[in-house]
file work_31.cif (mmCIF, C-alpha atoms and all ligand atoms)
data_structure
#
loop_
_atom_site.label_atom_id
_atom_site.label_comp_id
_atom_site.auth_asym_id
_atom_site.auth_seq_id
_atom_site.Cartn_x
_atom_site.Cartn_y
_atom_site.Cartn_z
CA MET Z 1021 -22.17 -48.23 19.56
CA ILE Z 1022 -22.56 -44.50 19.93
CA LYS Z 1023 -23.28 -42.73 16.62
CA PRO Z 1024 -21.76 -39.36 15.66
CA LEU Z 1025 -23.98 -36.47 14.61
CA PRO Z 1026 -25.06 -37.02 10.99
CA TYR Z 1027 -23.18 -33.97 9.72
CA VAL Z 1028 -19.93 -34.97 11.43
CA GLN Z 1029 -19.65 -37.89 9.03
CA LYS Z 1030 -19.86 -35.52 6.07
CA ILE Z 1031 -16.57 -33.87 7.04
CA GLN Z 1032 -13.45 -34.84 5.14
CA PRO Z 1033 -10.84 -35.00 7.88
CA TYR Z 1034 -7.66 -33.01 7.39
CA ILE Z 1035 -4.97 -35.60 6.72
CA PRO Z 1036 -1.60 -34.54 8.07
CA GLY Z 1037 1.61 -35.55 6.33
CA LYS Z 1038 3.89 -38.17 7.86
CA PRO Z 1039 6.38 -36.85 10.41
CA ILE Z 1040 9.35 -35.62 8.41
CA LYS Z 1041 11.83 -37.73 10.41
CA GLU Z 1042 9.87 -40.86 9.43
CA VAL Z 1043 9.92 -39.87 5.76
CA GLU Z 1044 13.68 -39.30 5.94
CA ARG Z 1045 14.22 -42.66 7.66
CA GLU Z 1046 12.12 -44.51 5.05
CA LEU Z 1047 13.88 -42.81 2.13
CA GLY Z 1048 17.31 -43.07 3.70
CA ILE Z 1049 17.72 -39.31 3.20
CA LYS Z 1050 19.56 -37.27 5.82
CA GLN Z 1051 17.45 -34.14 5.50
CA CYS Z 1052 14.36 -33.63 3.37
CA ILE Z 1053 13.42 -30.20 2.07
CA LYS Z 1054 9.92 -29.38 3.23
CA LEU Z 1055 8.10 -26.92 1.02
CA ALA Z 1056 4.61 -28.22 1.71
CA SER Z 1057 2.92 -26.09 4.37
CA ASN Z 1058 3.69 -22.45 3.60
CA GLU Z 1059 5.93 -22.18 6.62
CA ASN Z 1060 8.58 -19.52 7.05
CA PRO Z 1061 11.94 -21.05 6.07
CA LEU Z 1062 13.91 -18.43 8.00
CA GLY Z 1063 12.15 -19.12 11.30
CA PRO Z 1064 11.15 -16.48 13.83
CA SER Z 1065 13.04 -13.42 14.99
CA PRO Z 1066 15.98 -14.10 17.36
CA LYS Z 1067 14.13 -11.78 19.77
CA VAL Z 1068 11.36 -14.38 19.93
CA VAL Z 1069 13.84 -17.01 21.05
CA GLU Z 1070 15.29 -14.62 23.64
CA SER Z 1071 11.85 -13.86 25.05
CA ILE Z 1072 10.97 -17.55 25.31
CA MET Z 1073 14.30 -18.38 27.00
CA ASP Z 1074 13.76 -15.53 29.39
CA PHE Z 1075 10.34 -16.89 30.27
CA LEU Z 1076 11.72 -20.40 30.74
CA SER Z 1077 14.41 -19.11 33.10
CA ASN Z 1078 11.71 -19.26 35.77
CA PRO Z 1079 10.17 -22.72 35.23
CA ALA Z 1080 7.62 -22.15 37.99
CA GLU Z 1081 5.87 -19.84 35.52
CA LEU Z 1082 5.05 -22.90 33.43
CA ALA Z 1083 2.70 -23.98 36.20
CA ARG Z 1084 0.62 -20.84 35.79
CA TYR Z 1085 -2.29 -20.41 33.41
CA PRO Z 1086 -1.72 -18.01 30.53
CA GLU Z 1087 -2.71 -14.36 30.62
CA GLY Z 1088 -6.36 -15.03 29.84
CA SER Z 1089 -7.09 -11.69 28.25
CA GLY Z 1090 -3.91 -11.64 26.15
CA PHE Z 1091 -3.30 -8.21 27.68
CA TYR Z 1092 0.31 -7.63 26.59
CA LEU Z 1093 -0.04 -9.05 23.10
CA LYS Z 1094 -3.17 -6.98 22.57
CA ASN Z 1095 -1.23 -3.91 23.73
CA ALA Z 1096 1.46 -4.68 21.15
CA LEU Z 1097 -1.18 -5.13 18.43
CA CYS Z 1098 -2.84 -1.83 19.38
CA GLU Z 1099 0.55 -0.10 19.14
CA LEU Z 1100 1.24 -1.61 15.73
CA PHE Z 1101 -2.16 -0.66 14.33
CA ALA Z 1102 -1.81 2.86 15.75
CA THR Z 1103 1.32 3.30 13.63
CA ARG Z 1104 -0.88 2.55 10.62
CA GLY Z 1105 -3.51 5.07 11.64
CA VAL Z 1106 -5.99 2.57 13.14
CA ASN Z 1107 -6.98 3.02 16.76
CA LEU Z 1108 -7.86 -0.36 18.17
CA THR Z 1109 -9.02 -1.24 21.68
CA HIS Z 1110 -8.56 -4.60 23.40
CA ASP Z 1111 -12.24 -5.41 23.05
CA GLU Z 1112 -11.91 -5.19 19.27
CA ILE Z 1113 -9.28 -7.97 19.19
CA ILE Z 1114 -9.61 -11.71 19.71
CA LEU Z 1115 -6.63 -14.07 19.99
CA GLY Z 1116 -6.82 -17.62 18.71
CA ASN Z 1117 -4.90 -20.87 18.89
CA GLY Z 1118 -3.92 -20.22 15.29
CA SER Z 1119 -6.28 -18.21 13.09
CA ASN Z 1120 -7.77 -21.63 12.42
CA GLU Z 1121 -9.43 -21.56 15.83
CA LEU Z 1122 -10.87 -18.12 15.12
CA ILE Z 1123 -12.54 -19.46 11.97
CA ASP Z 1124 -14.11 -22.14 14.11
CA ILE Z 1125 -15.18 -19.71 16.84
CA ALA Z 1126 -16.80 -17.39 14.27
CA VAL Z 1127 -18.71 -20.32 12.81
CA LYS Z 1128 -19.84 -21.59 16.22
CA THR Z 1129 -20.99 -18.08 17.11
CA TYR Z 1130 -23.09 -17.47 14.01
CA ILE Z 1131 -23.92 -20.75 12.24
CA GLY Z 1132 -26.54 -23.22 13.43
CA PRO Z 1133 -28.08 -26.25 11.67
CA GLY Z 1134 -29.37 -25.23 8.23
CA ASP Z 1135 -27.61 -21.86 8.18
CA GLU Z 1136 -25.39 -21.14 5.22
CA ALA Z 1137 -21.89 -19.83 4.63
CA VAL Z 1138 -20.60 -18.85 1.21
CA MET Z 1139 -16.96 -19.50 0.32
CA ALA Z 1140 -14.75 -20.11 -2.67
CA THR Z 1141 -13.36 -23.38 -3.98
CA PRO Z 1142 -10.55 -24.22 -4.03
CA SER Z 1143 -9.82 -22.19 -0.93
CA PHE Z 1144 -8.81 -22.88 2.65
CA VAL Z 1145 -10.52 -26.16 3.55
CA VAL Z 1146 -11.19 -25.34 7.18
CA TYR Z 1147 -14.11 -23.00 6.37
CA ALA Z 1148 -16.25 -25.82 4.98
CA MET Z 1149 -15.15 -28.22 7.73
CA SER Z 1150 -16.18 -25.84 10.51
CA VAL Z 1151 -19.50 -24.96 8.88
CA THR Z 1152 -20.38 -28.60 8.25
CA ALA Z 1153 -19.47 -29.50 11.84
CA GLN Z 1154 -22.16 -27.08 13.03
CA GLY Z 1155 -24.80 -28.62 10.77
CA GLY Z 1156 -24.48 -25.62 8.47
CA VAL Z 1157 -24.33 -25.63 4.70
CA ALA Z 1158 -21.05 -24.69 2.99
CA LYS Z 1159 -21.90 -23.11 -0.36
CA GLU Z 1160 -18.78 -23.29 -2.45
CA VAL Z 1161 -18.34 -21.04 -5.46
CA THR Z 1162 -15.67 -22.01 -7.99
CA LEU Z 1163 -12.86 -19.49 -8.49
CA LYS Z 1164 -13.06 -17.42 -11.65
CA GLU Z 1165 -9.75 -17.02 -13.43
CA TRP Z 1166 -8.18 -18.45 -10.27
CA ARG Z 1167 -9.57 -15.71 -8.03
CA HIS Z 1168 -12.65 -15.41 -5.82
CA ASP Z 1169 -15.69 -14.86 -8.01
CA LEU Z 1170 -17.15 -12.21 -5.72
CA GLU Z 1171 -20.13 -11.56 -8.01
CA GLY Z 1172 -20.83 -15.30 -8.22
CA MET Z 1173 -20.59 -15.49 -4.43
CA LEU Z 1174 -23.15 -12.69 -4.06
CA LYS Z 1175 -25.57 -14.75 -6.16
CA GLU Z 1176 -25.37 -17.56 -3.60
CA ILE Z 1177 -26.60 -15.35 -0.75
CA THR Z 1178 -29.98 -16.39 0.67
CA ASP Z 1179 -32.01 -15.57 3.78
CA ARG Z 1180 -30.06 -18.31 5.55
CA THR Z 1181 -26.60 -16.88 4.77
CA LYS Z 1182 -24.74 -15.88 7.92
CA ILE Z 1183 -21.10 -15.74 6.87
CA VAL Z 1184 -19.08 -15.14 3.71
CA PHE Z 1185 -15.45 -16.28 3.79
CA ILE Z 1186 -12.90 -14.54 1.62
CA ALA Z 1187 -9.31 -15.74 1.78
CA ASN Z 1188 -7.29 -12.84 0.46
CA PRO Z 1189 -4.73 -13.77 -0.77
CA ASN Z 1190 -6.22 -17.18 -1.42
CA ASN Z 1191 -4.72 -20.51 -0.44
CA PRO Z 1192 -3.90 -22.63 -2.50
CA THR Z 1193 -3.75 -20.29 -5.53
CA GLY Z 1194 -1.81 -17.36 -4.02
CA THR Z 1195 -4.05 -14.97 -5.96
CA MET Z 1196 -5.87 -11.96 -4.58
CA ASN Z 1197 -8.97 -9.86 -5.12
CA TYR Z 1198 -8.47 -6.14 -5.66
CA ARG Z 1199 -9.78 -3.17 -3.72
CA ASP Z 1200 -12.40 -2.08 -6.26
CA GLU Z 1201 -13.83 -5.62 -6.52
CA PHE Z 1202 -13.98 -5.91 -2.76
CA ASP Z 1203 -15.58 -2.47 -2.42
CA SER Z 1204 -18.30 -3.39 -4.93
CA PHE Z 1205 -18.87 -6.65 -3.10
CA MET Z 1206 -19.25 -4.88 0.27
CA LYS Z 1207 -21.62 -2.36 -1.28
CA ALA Z 1208 -23.88 -5.09 -2.62
CA LEU Z 1209 -23.78 -7.35 0.44
CA ARG Z 1210 -26.57 -7.35 3.03
CA GLU Z 1211 -25.27 -5.65 6.17
CA ASP Z 1212 -26.28 -8.44 8.57
CA ILE Z 1213 -23.91 -10.97 7.04
CA LEU Z 1214 -20.50 -11.44 8.64
CA VAL Z 1215 -17.64 -11.09 6.15
CA VAL Z 1216 -14.66 -13.08 7.39
CA VAL Z 1217 -11.63 -11.87 5.48
CA ASP Z 1218 -8.82 -14.30 6.05
CA GLU Z 1219 -5.59 -12.34 5.63
CA ALA Z 1220 -3.19 -15.09 6.71
CA TYR Z 1221 -0.68 -14.01 4.02
CA TYR Z 1222 -1.29 -10.27 4.40
CA GLU Z 1223 2.35 -9.39 5.16
CA TYR Z 1224 3.55 -10.90 1.87
CA VAL Z 1225 1.25 -8.88 -0.38
CA THR Z 1226 3.12 -6.62 -2.81
CA GLU Z 1227 0.16 -5.54 -4.95
CA PRO Z 1228 -0.78 -1.92 -4.07
CA ASP Z 1229 -4.48 -2.46 -4.85
CA TYR Z 1230 -5.01 -4.67 -1.82
CA PRO Z 1231 -8.44 -4.08 -0.24
CA ASP Z 1232 -8.61 -1.80 2.78
CA THR Z 1233 -10.61 -4.14 5.01
CA LEU Z 1234 -9.87 -2.07 8.11
CA LYS Z 1235 -11.88 0.76 6.56
CA TYR Z 1236 -14.99 -1.44 6.83
CA PHE Z 1237 -14.10 -2.27 10.42
CA LYS Z 1238 -13.83 1.46 11.15
CA ASP Z 1239 -17.18 2.03 9.40
CA GLY Z 1240 -18.82 -0.46 11.78
CA ARG Z 1241 -19.58 -3.14 9.20
CA ASP Z 1242 -19.97 -6.79 10.20
CA ILE Z 1243 -16.44 -7.78 9.24
CA LEU Z 1244 -13.88 -9.99 10.95
CA ILE Z 1245 -10.29 -9.63 9.75
CA LEU Z 1246 -8.11 -12.63 10.52
CA ARG Z 1247 -4.33 -12.61 10.61
CA THR Z 1248 -1.75 -15.05 11.89
CA PHE Z 1249 1.72 -15.36 13.35
CA SER Z 1250 2.19 -18.70 11.55
CA LYS Z 1251 3.45 -17.36 8.24
CA ALA Z 1252 5.55 -14.20 7.94
CA TYR Z 1253 6.31 -14.21 11.69
CA GLY Z 1254 7.44 -17.83 11.61
CA LEU Z 1255 5.51 -19.10 14.65
CA ALA Z 1256 3.37 -21.88 13.12
CA SER Z 1257 4.32 -24.38 15.82
CA LEU Z 1258 3.07 -22.13 18.62
CA ARG Z 1259 -0.42 -21.72 17.15
CA ILE Z 1260 -1.34 -18.09 17.48
CA GLY Z 1261 -3.40 -15.74 15.36
CA TYR Z 1262 -5.71 -12.78 15.89
CA GLY Z 1263 -8.96 -11.33 14.68
CA VAL Z 1264 -10.09 -7.71 14.50
CA ALA Z 1265 -13.78 -6.83 14.53
CA LYS Z 1266 -16.14 -4.40 16.20
CA LYS Z 1267 -16.69 -4.86 19.92
CA GLU Z 1268 -20.16 -6.39 19.53
CA ILE Z 1269 -18.78 -9.21 17.37
CA ILE Z 1270 -15.74 -9.87 19.59
CA THR Z 1271 -18.01 -9.94 22.66
CA GLU Z 1272 -20.15 -12.67 21.10
CA MET Z 1273 -17.13 -14.67 19.94
CA ASN Z 1274 -15.63 -14.47 23.44
CA ARG Z 1275 -18.61 -16.44 24.77
CA ILE Z 1276 -17.46 -19.38 22.63
CA ARG Z 1277 -13.70 -18.96 23.07
CA GLU Z 1278 -12.14 -21.24 25.65
CA PRO Z 1279 -10.79 -19.23 28.60
CA PHE Z 1280 -7.08 -19.99 28.04
CA ASN Z 1281 -7.06 -20.73 24.33
CA THR Z 1282 -3.68 -19.18 23.58
CA ASN Z 1283 -0.72 -20.35 25.63
CA THR Z 1284 1.79 -18.16 27.44
CA ILE Z 1285 4.78 -18.95 25.23
CA ALA Z 1286 2.77 -18.20 22.10
CA GLN Z 1287 1.64 -14.85 23.50
CA ILE Z 1288 5.17 -13.87 24.56
CA ALA Z 1289 6.62 -14.99 21.24
CA ALA Z 1290 4.02 -13.16 19.19
CA GLU Z 1291 4.60 -9.95 21.14
CA ALA Z 1292 8.36 -10.17 20.54
CA ALA Z 1293 7.80 -11.02 16.87
CA LEU Z 1294 5.66 -7.93 16.31
CA LYS Z 1295 8.38 -5.72 17.73
CA ASP Z 1296 11.13 -6.98 15.41
CA GLU Z 1297 10.30 -5.17 12.20
CA GLU Z 1298 13.83 -5.74 10.85
CA HIS Z 1299 13.35 -9.49 10.92
CA LEU Z 1300 10.01 -9.23 9.16
CA LYS Z 1301 11.67 -7.10 6.49
CA LYS Z 1302 14.34 -9.75 6.01
CA VAL Z 1303 11.70 -12.49 5.73
CA LEU Z 1304 9.84 -10.54 3.06
CA GLU Z 1305 13.03 -9.78 1.13
CA ILE Z 1306 14.07 -13.43 1.08
CA ASN Z 1307 10.57 -14.40 -0.02
CA GLU Z 1308 10.60 -11.85 -2.84
CA LYS Z 1309 14.01 -12.99 -4.09
CA GLY Z 1310 12.95 -16.63 -3.90
CA LYS Z 1311 9.76 -15.80 -5.79
CA GLN Z 1312 11.64 -14.09 -8.62
CA TYR Z 1313 14.12 -16.97 -8.84
CA LEU Z 1314 11.30 -19.54 -8.95
CA TYR Z 1315 9.41 -17.56 -11.60
CA SER Z 1316 12.47 -17.39 -13.83
CA GLU Z 1317 13.24 -21.10 -13.44
CA LEU Z 1318 9.61 -22.22 -13.77
CA ASP Z 1319 9.39 -20.16 -16.98
CA LYS Z 1320 12.04 -22.48 -18.42
CA ILE Z 1321 9.92 -25.61 -17.86
CA ARG Z 1322 7.67 -25.39 -20.90
CA GLN Z 1323 5.21 -28.10 -19.80
CA ILE Z 1324 3.93 -26.24 -16.74
CA GLN Z 1325 2.05 -23.08 -15.92
CA TYR Z 1326 2.08 -21.21 -12.64
CA LEU Z 1327 0.09 -18.39 -11.08
CA PRO Z 1328 1.86 -15.17 -9.99
CA THR Z 1329 1.60 -15.11 -6.22
CA GLN Z 1330 0.93 -12.58 -3.46
CA THR Z 1331 2.06 -15.05 -0.81
CA ASN Z 1332 4.95 -17.30 0.21
CA PHE Z 1333 3.88 -20.15 -2.07
CA ILE Z 1334 3.29 -20.81 -5.77
CA TYR Z 1335 0.47 -22.74 -7.41
CA ILE Z 1336 1.68 -24.81 -10.35
CA ILE Z 1337 -0.53 -26.36 -13.02
CA LEU Z 1338 0.78 -29.55 -14.60
CA PRO Z 1339 0.14 -30.73 -18.15
CA GLU Z 1340 -2.97 -32.91 -18.87
CA SER Z 1341 -0.99 -36.12 -18.98
CA ILE Z 1342 0.64 -35.74 -15.58
CA SER Z 1343 -0.93 -36.17 -12.16
CA SER Z 1344 0.07 -34.22 -9.08
CA LYS Z 1345 0.62 -37.55 -7.31
CA GLU Z 1346 3.30 -38.55 -9.84
CA VAL Z 1347 5.14 -35.28 -9.33
CA PHE Z 1348 4.75 -35.47 -5.57
CA ASP Z 1349 6.17 -39.03 -5.48
CA SER Z 1350 9.06 -38.22 -7.78
CA LEU Z 1351 10.06 -35.12 -5.82
CA LEU Z 1352 9.69 -36.99 -2.54
CA ARG Z 1353 12.12 -39.66 -3.75
CA GLN Z 1354 14.51 -36.79 -4.44
CA GLY Z 1355 14.00 -35.52 -0.88
CA VAL Z 1356 11.74 -32.56 -1.71
CA ILE Z 1357 8.26 -32.40 -0.17
CA ILE Z 1358 5.63 -30.27 -1.88
CA ARG Z 1359 1.81 -30.39 -1.64
CA PRO Z 1360 -0.51 -31.82 -4.28
CA VAL Z 1361 -3.58 -29.55 -4.14
CA GLY Z 1362 -5.65 -30.93 -7.02
CA PRO Z 1363 -5.47 -33.69 -9.60
CA ARG Z 1364 -3.03 -31.67 -11.77
CA GLN Z 1365 -2.03 -28.93 -9.37
CA ILE Z 1366 0.80 -28.68 -6.90
CA ARG Z 1367 1.68 -25.98 -4.41
CA VAL Z 1368 5.23 -25.18 -3.40
CA THR Z 1369 6.30 -22.96 -0.53
CA ILE Z 1370 9.00 -20.41 -1.33
CA GLY Z 1371 12.00 -21.55 0.70
CA LEU Z 1372 15.58 -20.47 1.28
CA PRO Z 1373 17.73 -20.10 -1.88
CA GLU Z 1374 19.24 -23.59 -1.59
CA GLU Z 1375 15.80 -25.12 -0.98
CA ASN Z 1376 14.32 -23.39 -4.01
CA LYS Z 1377 17.24 -24.61 -6.08
CA ALA Z 1378 16.78 -28.20 -4.91
CA PHE Z 1379 13.07 -27.99 -5.76
CA ILE Z 1380 13.78 -26.68 -9.26
CA GLU Z 1381 16.40 -29.35 -9.87
CA SER Z 1382 14.03 -32.10 -8.76
CA LEU Z 1383 11.23 -30.71 -10.95
CA LYS Z 1384 13.54 -30.40 -13.94
CA LYS Z 1385 14.65 -33.97 -13.39
CA PHE Z 1386 11.00 -35.07 -13.44
CA PHE Z 1387 10.36 -33.24 -16.72
CA GLY Z 1388 13.62 -34.51 -18.19
CA GLY Z 1389 15.19 -31.04 -18.30
N1 LIG Z 1401 -6.05 -19.23 6.54
C1 LIG Z 1401 -5.35 -19.58 5.48
C2 LIG Z 1401 -5.75 -19.05 4.15
C3 LIG Z 1401 -4.27 -20.47 5.62
O1 LIG Z 1401 -3.58 -20.85 4.53
C4 LIG Z 1401 -3.93 -20.96 6.90
C5 LIG Z 1401 -2.80 -21.89 7.15
N2 LIG Z 1401 -2.48 -22.78 6.21
C6 LIG Z 1401 -4.71 -20.55 7.97
C7 LIG Z 1401 -5.76 -19.68 7.76
C8 LIG Z 1401 -4.49 -21.06 9.35
O2 LIG Z 1401 -3.34 -20.57 9.90
P1 LIG Z 1401 -3.04 -20.71 11.44
O3 LIG Z 1401 -4.13 -21.49 12.08
O4 LIG Z 1401 -1.73 -21.39 11.51
O5 LIG Z 1401 -3.01 -19.30 11.94
#
call {"tool": "encode", "arguments": {"input": "work_31.cif", "output": "structure tokens", "more": "lines below"}}
Ligand code: PMP
result
Amino acid sequence: MIKPLPYVQKIQPYIPGKPIKEVERELGIKQCIKLASNENPLGPSPKVVESIMDFLSNPAELARYPEGSGFYLKNALCELFATRGVNLTHDEIILGNGSNELIDIAVKTYIGPGDEAVMATPSFVVYAMSVTAQGGVAKEVTLKEWRHDLEGMLKEITDRTKIVFIANPNNPTGTMNYRDEFDSFMKALREDILVVVDEAYYEYVTEPDYPDTLKYFKDGRDILILRTFSKAYGLASLRIGYGVAKKEIITEMNRIREPFNTNTIAQIAAEAALKDEEHLKKVLEINEKGKQYLYSELDKIRQIQYLPTQTNFIYIILPESISSKEVFDSLLRQGVIIRPVGPRQIRVTIGLPEENKAFIESLKKFFGG
């Protein structure tokens, strides 16, 4: 029988959860509360729905390939960045089928067998998967005080290092690295290493000392800034994200990118989403309120600890004697789905007020509160 490449077998496949309808059927529960994947509980802007309906009013358009250059969405991104004092051109933007795909494209562009990429652990698992799939070496540096140990990561740099991944804020911890730490890191880093800063949760950040990654883009450094429409914009199902980097980097990545990697509906939806600032504001307000409610209720459960978050999820550390699997199972039986992210760690997405309440009640029930 045909054998896979040796490094393919090293990859831990991403195991998706069961379809929610199946879980509900098995448990005999009408509607589960899903707080497992950092999705936006409010959904996208109504303007997104309008734009999709408008597109579907001419079904013949479905037979056409997408706008291969992402022209209109790139225009909308350029407009948005201009309002923040950053002049972008189309050839400094790449669109991806989720920012996930852009991670993969960056790796395929710069990592070959034996090349190295430095990343944190625990962090977003896709970095190591993509690097390993190319025959590269994923050098994982344990978080320090739950945040990227940027100095420790610098120590892992060798002649073979091609990429450093920094998820900021980090998933699954929700923590972030500050501007001064990032600036020192960039100062010390060799200039021919690509820094991929994954800013998937950028819109949720409330901390003023967030690094100014665009400054490094403007300075011409080898940096790729990744953002997504899956989180704050509520478009996870459509799979669309974008990357910003200097033209030379985008040009190379475009050689690897499939010609029609982002679909028409995703492009239209993302463009409409960007233009509805009011909706984004509402999303962030609901997230902030939910966060404060969860903090105050989690504070009452003495057995657990949690990390303050810069995202739409919270990382919770369970006591020694309790496994994340036990908590996951108990909450699931109560119709609440969260994500175990370590032997004693769970991650919960901040939901709508009633969802947060149901989560807290189920957790209190587990701890006998
Ligand atoms: N980066 C991080 C840190 C994430 O948490 C996620 C989604 N869980 C992604 C990237 C990928 O997002 P998407 O592909 O949906 O844009």
call {"tool": "axis_aligned_box", "arguments": {"input": "work_31.cif", "around": "ligand LIG 1401 (chain Z)", "padding_each_side": "8 Å", "output": "AutoDock Vina command-line options"}}
result
--center_x -3.9 --center_y -20.9 --center_z 8.1 --size_x 20.3 --size_y 19.7 --size_z 23.9
call {"tool": "residues_around", "arguments": {"input": "work_31.cif", "residues": "stretch 1178-1184 of chain Z", "least_positions_apart": "3", "cutoff": "9 Å", "atoms": "all atoms listed in the file", "output": "PyMOL selection string"}}
result
chain Z and resi 1126-1127+1130-1131+1134-1139+1173+1175+1212-1217
call {"tool": "closest_residue", "arguments": {"input": "work_31.cif", "among": "Z:Thr1195, Z:Gln1323, Z:Gln1032, Z:Ser1382", "to": "ligand LIG 1401 (chain Z)", "atoms": "all atoms listed in the file"}}
result
Z:Thr1195
call {"tool": "residues_near_point", "arguments": {"input": "work_31.cif", "point": "(9.2, -20.0, -9.3)", "cutoff": "10 Å", "atoms": "all atoms listed in the file", "output": "PyMOL selection string"}}
result
chain Z and resi 1309-1320+1326-1329+1333-1336+1368-1370+1376-1377+1379-1380
call {"tool": "closest_residue", "arguments": {"input": "work_31.cif", "among": "Z:Gly1371, Z:Thr1103, Z:Lys1385, Z:Glu1070", "to": "Z:Gln1354", "atoms": "only C-alpha atoms"}}
result
Z:Lys1385
call {"tool": "closest_residue", "arguments": {"input": "work_31.cif", "among": "Z:Leu1294, Z:Leu1255, Z:Leu1304, Z:Ala1378", "to": "Z:Pro1064", "atoms": "only C-alpha atoms"}}
result
Z:Leu1255
